[in-house]
Structures are given as C-alpha cells and as structure tokens.
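Novice: Pasting a structure here, questions to come.
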Amino acid sequence: MGLPLVLLLLLLPAALPARRCEPPQGSAGAVRALGARLLGLAGDPARDPDPAVYLALRLAREHHPRLERRYLERLQHTFQHPYGRSLQSHGHSRWDAERGTSAAEPPQTGRLALYLLGLQATCPPLSPHRSLVTWLKYYLEEDWRGSQRHGHPVTSHYQYGLGVLALCVHRKRVRDEVVRRLLTAQHHGRLGHGGNSVDTEAVVALAFTCLEQRRLVGTELAAKLRLAVREASRNMAKAQGPDGVIGNIYSTPWALQVFLATGECQTEPAFGQAMAALLENLEAFGTAATMAQVLPVLHGHSYLDIASMHCREEPDTLTPLDVEPLPEVPGNKTVRLVVECPLPWCYELRLYDRLVPVPAAASLLDVLQAAAALEPPEFRFHTQDTPQGPFLTQVLGLEARQEKRNYWQLLSAPNTPLQMGIADYRPQDGATLILRLSEW
Ligand code: B12
C-alpha cells in the first residue's frame, strides 16, 4: 500500500460525518471535561470506590490507564473481602425475605452486578472468581423469591435488572422463571419507584436485549423479550417532554442506552432530541454518581457494549480535573422545614414545621443541620452514605425501613418531589421543603 493511501485511511475517520448514534462533534470538549472531572473524583482516595464510576471510565474514548488500574485495585479490594468466601459457609445466616430480617445483610444484587460488569470492561477482561457469580445468582434468587412472596424483589427491580444484565454479559444463564418475573413486572407496570419508572424500565430492557441478542434463552421466551423491549422503547419515546428530557434529566441517559443497545438510535427521533437535552444540561451532572451514569451515552455506548468490547491500544490522553468549588453567595436565607407522616400508624400528619435561617448557599443538608442546632432541640435526623451521596434514613426518631418499602421523600411544597438528594439540593430563600415518610 502506498504511503498516500495509508495517510488517507488514517485521515478518513475525521472526514466521515459524525455517526448518528453519537453526540455532535461540537460537544466533544464539554464531554471530555466531564470525563476529566469524573477522573479527578475517582482519584480521591477519601471516596469509596464505586463500580459504576469504573464502568464510565472504561466506556470512555479517552483514558488514564494508571488511574483506572489503581481504581480497579481499590474495587477489587472492596469486593474481595465480602465475596471471597463460599456461599456454603454462609448458608445459615442468609437474608430472610419472608420476615424481611437478616442475620447478615440484605442482598447486594445491584452493586455486585455493577462490579461484575466492571471486570468484563477491563482490558483484557477479568474472569470473575466463581464465588462472585454464585453470589450474584444467589442474590437474584433471593430477589426472585421476594417478588414471588411480596410482588416485588427484596432489593428493587432496578437491581434485579442489573443482576440479569451482568450475568448475561458474562454469558451466564439464569432460570427462565427469574426472567419471566421481570417480564410480568414490566407487563403490569410495576417498575416505577416514586413516580419515575424510566431508569428501571431501561435497565430491564437492556437485560432483555442482552438475553435475546446473546441467545441465552429459548426462541419462545426470546420473542417475548423482543416485544417487551419494543414496548419499553415506545414508552420511553412517549415519556419524552417538549424539552427532550425522558422522565427526568437523570433518567434520560438510561433511555438513551436502550436506543443505543437496540440500534433504534439510528431511526428514533426521540434519541437526537434527548441527546440534545443532555448536552444542554450537562451542569446538572455534578456528582460522581450522576456523571458516571451520563458519560457512557455521551460516548455513544450502552452497558451492552461491554459484552463485545475489543481491547486495543487506549489513548492515554485524559488528565484529571478538579471539580470547581461552588461560587460563594453572600448573605442569608430562610427556609421553612416541614416533616410529615401520612402513613396510617403515625399519630399526626404534621410532625414539625419551623423556619430555619441558613447561609444563602446552604444545601438541604445544611438546613437539616441548622434545624438540629435550633433551641429547643426538637429536630433530629440520620443519614447513610451511599454512592449517590447521603441518603436520609431517619427523621425525628422515625426510621424509614427498606423492608417495609418506606423512605423519607424530599419535596418542595406543595407536592413536587426533588430530583436531587439532601447534599445537592440548594433551596431558594423563602422555600418550603417537606420531608414526608412515603411508600414506594
Ligand atoms: C430504587 C431507587 C430509589 C429507592 C431506593 C430504595 C432501595 N432500597 O432500592 C427509593 C424509592 C427509596 C429512592 C429514593 C430517592 N431517590 Co432514588 N433511585 C432509585 C433508582 C431507581 C435505583 C437505585 C439503585 O438501586 N441503584 C443501584 C445500586 C447498586 O446503587 P447504589 O448507589 O448502591 O443504590 C442505593 C442508593 O442509590 C440509594 N438511593 C436511591 N435513590 C437515591 C437518591 C439519592 C439522592 C441518594 C443519596 C441515594 C439514593 O438507594 C439505593 C439502594 O440502596 C435510581 C435510578 C438511577 N438512575 O440510579 C434512583 C435515583 C438514584 N434516585 C433519585 C432521587 C432524586 C431520589 C430521592 C431524592 C427522591 C425524592 N424526591 O425523595 C429519594 C432519596 C431521598 C432520601 N431519603 O435521601 C435520583 C438521583 C438523582 C441525583 N441527582 O442524584 C435517581 C437517579 C432517579 C432519577 N432519575 O431521578 N430511590
């Protein structure tokens, strides 16, 4: 081959029009900056490693191999300990889905699934230790048993879907019954959590697409899965608002994953509009968890691509970027904090209602802390750290219980659920915020 032809071939990708399933070329700088910020957060040893962050780094176009390797080692360290031992030696202390209690811990279906996806996204892919796959299959069975008994998995349909997807990506079969349970849930519209079902329906559709494409189920079930995925895509296109957002801005990347995995990104007009909406709102993705969920689609990837990743030379071109501190806002604001318990066993609906003065830049978490410091000391709360940030678990001594499927819902008065957690939401001066013990 003559030199000019080689040169031409090298230049060819740049000369081709942007592929329809990727964001427009003009957005490359903003996407790159988002990836660099996530890398910066991943390099912070004070943060617990999150397999979803690793997945996002792996599904990106540019890399920082040394940092990615170090992050993987930290993940391996975290997951090796709980899952290094065999299931048999653990048999008697398993989670009791009947009573909703456990001598050990509840199933960790979603976290383990994300970790297994991460191992497969490593170059070359790492085969998980047999015990990890056994644990995930076991958790899925627990979730399946929970859904037989109570109509919902012990964890959530989102985690159940991630579990099926991860096993499928690793070419591991699950019982048809386990898959059929998800089909039934989708069919009966039982995939929603607190109103928005897009994230979960998308994860389930990805799992179905994987099972069908990788021929891990028989022809009859495969046909049903195909129909279910088509139905899910239609629901997503229908859920699109005039602003292009599908569900809310944080569920939009999941809908895009489905269009990418099924190839509908080529033809579905909702795809381009949703991608444009993401690009217009990239500043909404300010936490590691939200960045990790949006980045794969900004690189034109879905989690299904992990099943067919080819290891080639990866450009060592990404450098970590610090997340800019929030601008200082002078002055103060006053927020009205209300606590409500509409559940039948609560002695009254409104348990707390007070004005709380805070600095102008305060987050809802700051408001809760300020309320707890007021005299007389009436307000108390607890949080639990999660990869999404602090999750509000207890208010005024009332604990929201996972097994009872209740949670402290965050609302802006009169009735708008917040789309962010307590650490990220910054209420306006004069706003009324409601913490409401709700069921999901
Ligand atoms: C299931 C789910 C819930 C369940 C979790 C209970 C359970 N046992 O599973 C319930 C209904 C309780 C819930 C509540 C909320 N959720 Co939610 N939830 C999800 C969902 C669909 C799946 C999470 C999951 O299982 N991930 C897989 C596991 C392996 O990852 P994980 O990080 O370990 O998951 C745990 C935490 O994420 C935690 N969690 C769930 N939601 C939230 C939200 C926040 C802000 C925090 C800090 C933690 C948290 O519960 C998970 C299970 O233990 C995601 C969808 C998504 N795209 O991520 C939304 C999602 C994470 N939730 C979201 C929101 C906004 C909330 C609420 C703030 C809603 C509200 N207005 O009250 C509350 C949290 C309030 C609080 N008390 O602090 C947003 C977060 C967006 C953001 N900016 O970060 C998401 C992305 C949905 C969306 N598209 O808007 N959620």
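Residues are named by chain letter and number: chains run A, B, ... in the order of the structure tokens, numbers start at 1 in each chain, and ligands are numbered from 1 in the order shown.
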Counting only C-alpha atoms and all ligand atoms, what residues are within 6 Å of ligand 1, given as a PyMOL selection string?

Specialist: chain A and resi 110-111+155-156+158-159+193-194+199-200+248+250-251+290+386-393+402+407-411+417-421+440

Novice: Mind checking which residues fall within 6 Å of stretch 36-44 of chain A, counting only C-alpha atoms, ignoring those fewer than 2 positions away in the same chain, and posting them as a PyMOL selection string?

Specialist: chain A and resi 33-34+46-47+288+319-323

Novice: Would you pick out the contacts of stretch 374-378 of chain A at 10 Å or less, using only C-alpha atoms, so that residues sharing its chain but fewer than 2 positions from it are not included, and give the list as a short mmCIF file (atom, residue, chain, number, x, y, z; two decimals) with all heavy atoms, in the first residue's frame?

Specialist:
```cif
data_model
loop_
_atom_site.label_atom_id
_atom_site.label_comp_id
_atom_site.auth_asym_id
_atom_site.auth_seq_id
_atom_site.Cartn_x
_atom_site.Cartn_y
_atom_site.Cartn_z
N TYR A 352 -43.60 18.43 62.34
CA TYR A 352 -42.63 19.51 62.56
C TYR A 352 -42.87 20.59 61.52
O TYR A 352 -43.17 20.27 60.36
CB TYR A 352 -41.21 18.94 62.41
CG TYR A 352 -40.08 19.91 62.70
CD1 TYR A 352 -39.59 20.06 63.98
CD2 TYR A 352 -39.50 20.65 61.66
CE1 TYR A 352 -38.53 20.95 64.23
CE2 TYR A 352 -38.45 21.53 61.91
CZ TYR A 352 -37.97 21.66 63.20
OH TYR A 352 -36.93 22.52 63.45
N ARG A 354 -41.11 24.52 60.96
CA ARG A 354 -40.35 25.64 61.53
C ARG A 354 -39.55 26.39 60.47
O ARG A 354 -39.12 25.79 59.49
CB ARG A 354 -39.38 25.09 62.58
CG ARG A 354 -39.58 25.81 63.91
CD ARG A 354 -38.68 25.31 64.94
NE ARG A 354 -37.94 26.47 65.49
CZ ARG A 354 -37.23 26.41 66.57
NH1 ARG A 354 -37.11 25.27 67.24
NH2 ARG A 354 -36.60 27.49 67.01
N VAL A 356 -36.17 28.03 59.30
CA VAL A 356 -34.77 27.78 59.63
C VAL A 356 -33.89 28.78 58.88
O VAL A 356 -33.84 28.77 57.65
CB VAL A 356 -34.36 26.34 59.22
CG1 VAL A 356 -32.95 26.03 59.70
CG2 VAL A 356 -35.35 25.31 59.74
N PRO A 357 -33.19 29.67 59.61
CA PRO A 357 -32.28 30.61 58.94
C PRO A 357 -30.94 29.93 58.63
O PRO A 357 -30.39 29.22 59.49
CB PRO A 357 -32.08 31.73 59.97
CG PRO A 357 -32.49 31.13 61.29
CD PRO A 357 -33.25 29.88 61.07
N GLN A 369 -29.10 20.38 59.29
CA GLN A 369 -28.14 20.54 60.39
C GLN A 369 -28.46 21.79 61.21
O GLN A 369 -28.39 21.76 62.44
CB GLN A 369 -26.71 20.61 59.83
CG GLN A 369 -26.16 19.23 59.56
CD GLN A 369 -24.97 19.21 58.62
OE1 GLN A 369 -24.65 20.22 57.98
NE2 GLN A 369 -24.34 18.05 58.51
N ALA A 370 -28.84 22.86 60.51
CA ALA A 370 -29.17 24.10 61.22
C ALA A 370 -30.42 23.88 62.08
O ALA A 370 -30.49 24.37 63.22
CB ALA A 370 -29.38 25.23 60.23
N ALA A 371 -31.40 23.14 61.56
CA ALA A 371 -32.63 22.87 62.33
C ALA A 371 -32.30 22.06 63.57
O ALA A 371 -32.86 22.30 64.66
CB ALA A 371 -33.64 22.12 61.46
N ALA A 372 -31.35 21.14 63.44
CA ALA A 372 -30.99 20.29 64.59
C ALA A 372 -30.28 21.10 65.67
O ALA A 372 -30.28 20.71 66.84
CB ALA A 372 -30.11 19.14 64.11
N ARG A 380 -34.20 16.04 64.84
CA ARG A 380 -33.03 15.15 64.73
C ARG A 380 -33.17 14.38 63.42
O ARG A 380 -34.29 14.14 62.96
CB ARG A 380 -32.98 14.09 65.83
CG ARG A 380 -33.42 14.52 67.14
CD ARG A 380 -33.39 13.41 68.16
NE ARG A 380 -34.73 12.88 68.39
CZ ARG A 380 -35.01 11.62 68.56
NH1 ARG A 380 -34.06 10.71 68.50
NH2 ARG A 380 -36.24 11.23 68.79
N LEU A 396 -36.70 12.75 63.18
CA LEU A 396 -37.43 12.81 64.47
C LEU A 396 -37.56 11.42 65.08
O LEU A 396 -38.61 11.06 65.62
CB LEU A 396 -38.84 13.40 64.24
CG LEU A 396 -38.91 14.80 63.65
CD1 LEU A 396 -40.36 15.19 63.36
CD2 LEU A 396 -38.28 15.84 64.57
#
```

Novice: Could you pull the residues within 12 Å of A:Glu313, counting only C-alpha atoms, minus those fewer than 6 positions along the same chain, as number ranges by chain?

Specialist: A: 61-63, 65, 123-124

Novice: Residues as selected, N, CA, C and O atoms, written as an mmCIF file, in the first residue's frame, can you do that?

Specialist:
```cif
data_model
loop_
_atom_site.group_PDB
_atom_site.id
_atom_site.type_symbol
_atom_site.label_atom_id
_atom_site.label_comp_id
_atom_site.auth_asym_id
_atom_site.auth_seq_id
_atom_site.Cartn_x
_atom_site.Cartn_y
_atom_site.Cartn_z
ATOM 1 N N ARG A 61 -13.892 7.287 25.589
ATOM 2 C CA ARG A 61 -12.996 7.202 24.432
ATOM 3 C C ARG A 61 -11.549 7.443 24.842
ATOM 4 O O ARG A 61 -10.640 6.858 24.310
ATOM 5 N N GLU A 62 -11.371 8.350 25.828
ATOM 6 C CA GLU A 62 -10.005 8.647 26.268
ATOM 7 C C GLU A 62 -9.783 8.057 27.660
ATOM 8 O O GLU A 62 -10.741 7.889 28.416
ATOM 9 N N HIS A 63 -8.520 7.781 27.964
ATOM 10 C CA HIS A 63 -8.240 7.060 29.207
ATOM 11 C C HIS A 63 -7.057 7.627 29.967
ATOM 12 O O HIS A 63 -6.285 8.426 29.446
ATOM 13 N N PRO A 65 -4.746 5.189 31.898
ATOM 14 C CA PRO A 65 -4.603 3.787 32.289
ATOM 15 C C PRO A 65 -4.132 3.579 33.729
ATOM 16 O O PRO A 65 -4.653 2.713 34.434
ATOM 17 N N CYS A 123 -9.475 -4.343 30.321
ATOM 18 C CA CYS A 123 -8.746 -4.885 29.184
ATOM 19 C C CYS A 123 -7.450 -5.543 29.623
ATOM 20 O O CYS A 123 -6.631 -4.863 30.228
ATOM 21 N N PRO A 124 -7.218 -6.831 29.364
ATOM 22 C CA PRO A 124 -8.216 -7.784 28.870
ATOM 23 C C PRO A 124 -9.241 -8.068 29.961
ATOM 24 O O PRO A 124 -8.930 -7.872 31.141
#
```

Novice: Report as a PDB file with N, CA and C atoms, in the first residue's frame all protein, DNA and RNA residues lying within 12 Å of A:Leu355, evaluated on only C-alpha atoms, omitting residues in the same chain fewer than 4 positions from it.

Specialist:
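Now in part_19.pdb:
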```pdb
ATOM      1  N   LYS A 333     -30.558  33.156  54.037  1.00  0.00           N
ATOM      2  CA  LYS A 333     -31.902  32.876  53.525  1.00  0.00           C
ATOM      3  C   LYS A 333     -32.672  32.144  54.626  1.00  0.00           C
ATOM      4  N   THR A 334     -33.980  32.111  54.469  1.00  0.00           N
ATOM      5  CA  THR A 334     -34.800  31.388  55.444  1.00  0.00           C
ATOM      6  C   THR A 334     -35.605  30.332  54.704  1.00  0.00           C
ATOM      7  N   VAL A 335     -35.558  29.121  55.239  1.00  0.00           N
ATOM      8  CA  VAL A 335     -36.262  28.004  54.613  1.00  0.00           C
ATOM      9  C   VAL A 335     -37.242  27.439  55.625  1.00  0.00           C
ATOM     10  N   ARG A 336     -38.466  27.146  55.164  1.00  0.00           N
ATOM     11  CA  ARG A 336     -39.429  26.533  56.073  1.00  0.00           C
ATOM     12  C   ARG A 336     -39.290  25.019  55.955  1.00  0.00           C
ATOM     13  N   LEU A 337     -39.053  24.377  57.082  1.00  0.00           N
ATOM     14  CA  LEU A 337     -38.854  22.920  57.073  1.00  0.00           C
ATOM     15  C   LEU A 337     -40.067  22.246  57.693  1.00  0.00           C
ATOM     16  N   VAL A 338     -40.667  21.320  56.924  1.00  0.00           N
ATOM     17  CA  VAL A 338     -41.876  20.634  57.384  1.00  0.00           C
ATOM     18  C   VAL A 338     -41.614  19.129  57.363  1.00  0.00           C
ATOM     19  N   VAL A 367     -29.557  22.829  55.875  1.00  0.00           N
ATOM     20  CA  VAL A 367     -30.797  23.258  56.537  1.00  0.00           C
ATOM     21  C   VAL A 367     -31.134  22.278  57.668  1.00  0.00           C
ATOM     22  N   LEU A 368     -31.006  20.975  57.379  1.00  0.00           N
ATOM     23  CA  LEU A 368     -31.325  19.969  58.402  1.00  0.00           C
ATOM     24  C   LEU A 368     -30.380  20.118  59.596  1.00  0.00           C
ATOM     25  N   ALA A 370     -28.839  22.859  60.509  1.00  0.00           N
ATOM     26  CA  ALA A 370     -29.173  24.100  61.224  1.00  0.00           C
ATOM     27  C   ALA A 370     -30.423  23.880  62.080  1.00  0.00           C
ATOM     28  N   ALA A 371     -31.399  23.142  61.561  1.00  0.00           N
ATOM     29  CA  ALA A 371     -32.632  22.873  62.327  1.00  0.00           C
ATOM     30  C   ALA A 371     -32.300  22.063  63.574  1.00  0.00           C
ATOM     31  N   LEU A 374     -31.112  24.248  66.427  1.00  0.00           N
ATOM     32  CA  LEU A 374     -32.010  25.272  66.988  1.00  0.00           C
ATOM     33  C   LEU A 374     -32.433  24.903  68.414  1.00  0.00           C
ATOM     34  N   ASP A 429     -34.424  31.108  48.898  1.00  0.00           N
ATOM     35  CA  ASP A 429     -34.896  31.871  50.057  1.00  0.00           C
ATOM     36  C   ASP A 429     -36.425  31.829  50.065  1.00  0.00           C
ATOM     37  N   GLY A 430     -37.018  31.543  51.215  1.00  0.00           N
ATOM     38  CA  GLY A 430     -38.473  31.539  51.337  1.00  0.00           C
ATOM     39  C   GLY A 430     -39.127  30.214  50.936  1.00  0.00           C
ATOM     40  N   ALA A 431     -38.337  29.247  50.489  1.00  0.00           N
ATOM     41  CA  ALA A 431     -38.921  27.976  50.032  1.00  0.00           C
ATOM     42  C   ALA A 431     -39.431  27.154  51.215  1.00  0.00           C
ATOM     43  N   THR A 432     -40.422  26.289  50.940  1.00  0.00           N
ATOM     44  CA  THR A 432     -40.876  25.322  51.946  1.00  0.00           C
ATOM     45  C   THR A 432     -40.472  23.929  51.475  1.00  0.00           C
ATOM     46  N   LEU A 433     -39.717  23.243  52.318  1.00  0.00           N
ATOM     47  CA  LEU A 433     -39.263  21.888  51.978  1.00  0.00           C
ATOM     48  C   LEU A 433     -39.959  20.887  52.894  1.00  0.00           C
TER      49      LEU A 433
END
```

Novice: For a quick check of understanding, using only C-alpha atoms, which of A:Ala121, A:Ala166, A:Ala270, A:Leu221 has the smallest distance to A:Arg69?

Specialist: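 Closest residue, counting only C-alpha atoms: A:Ala121.
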
Novice: Looking at only C-alpha atoms, which of A:Gln384, A:Gly163, A:Val229, A:Ile434 is the one that sits closest to A:Glu264?

Specialist: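 When distances to A:Glu264 are compared using only C-alpha atoms, the smallest one comes from A:Val229.
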
Novice: Could you pull out the helix (DSSP H, G or I) residues of stretch 21-128 of chain A from DSSP and send them as a ChimeraX atom specification?

Specialist: /A:25-42,51-58,65-84,88-93,109-120

Novice: Do a neighbour search on A:Trp254 at 8 Å with only C-alpha atoms, toss out local chain neighbours closer than 5 positions, and write the hits as a ChimeraX atom specification.

Specialist: /A:198-199,202-203,293

Novice: Using only C-alpha atoms, which residue out of A:Gly192, A:Tyr160, A:Glu283, A:Gly151 lies closest to A:Tyr138?

Specialist: A:Tyr160

Novice: Go through A:Ala423, A:Ile246, A:Leu132, A:Ala222 and flag the residue nearest A:Pro82, using only C-alpha atoms for the distances.

Specialist: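 Distance minimum relative to A:Pro82 lands on A:Leu132.
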
Novice: Could you give me the residues within stretch 269-357 of chain A that DSSP places in strand (DSSP E or B), as a list in words?

Specialist: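 Residues meeting the strand (DSSP E or B) criterion: Asn332, Lys333, Thr334, Val335, Arg336, Leu337, Val338, Val339, Glu340, Arg350, Leu351, Tyr352, Asp353, Arg354, Leu355, Val356 and Pro357 of chain A.
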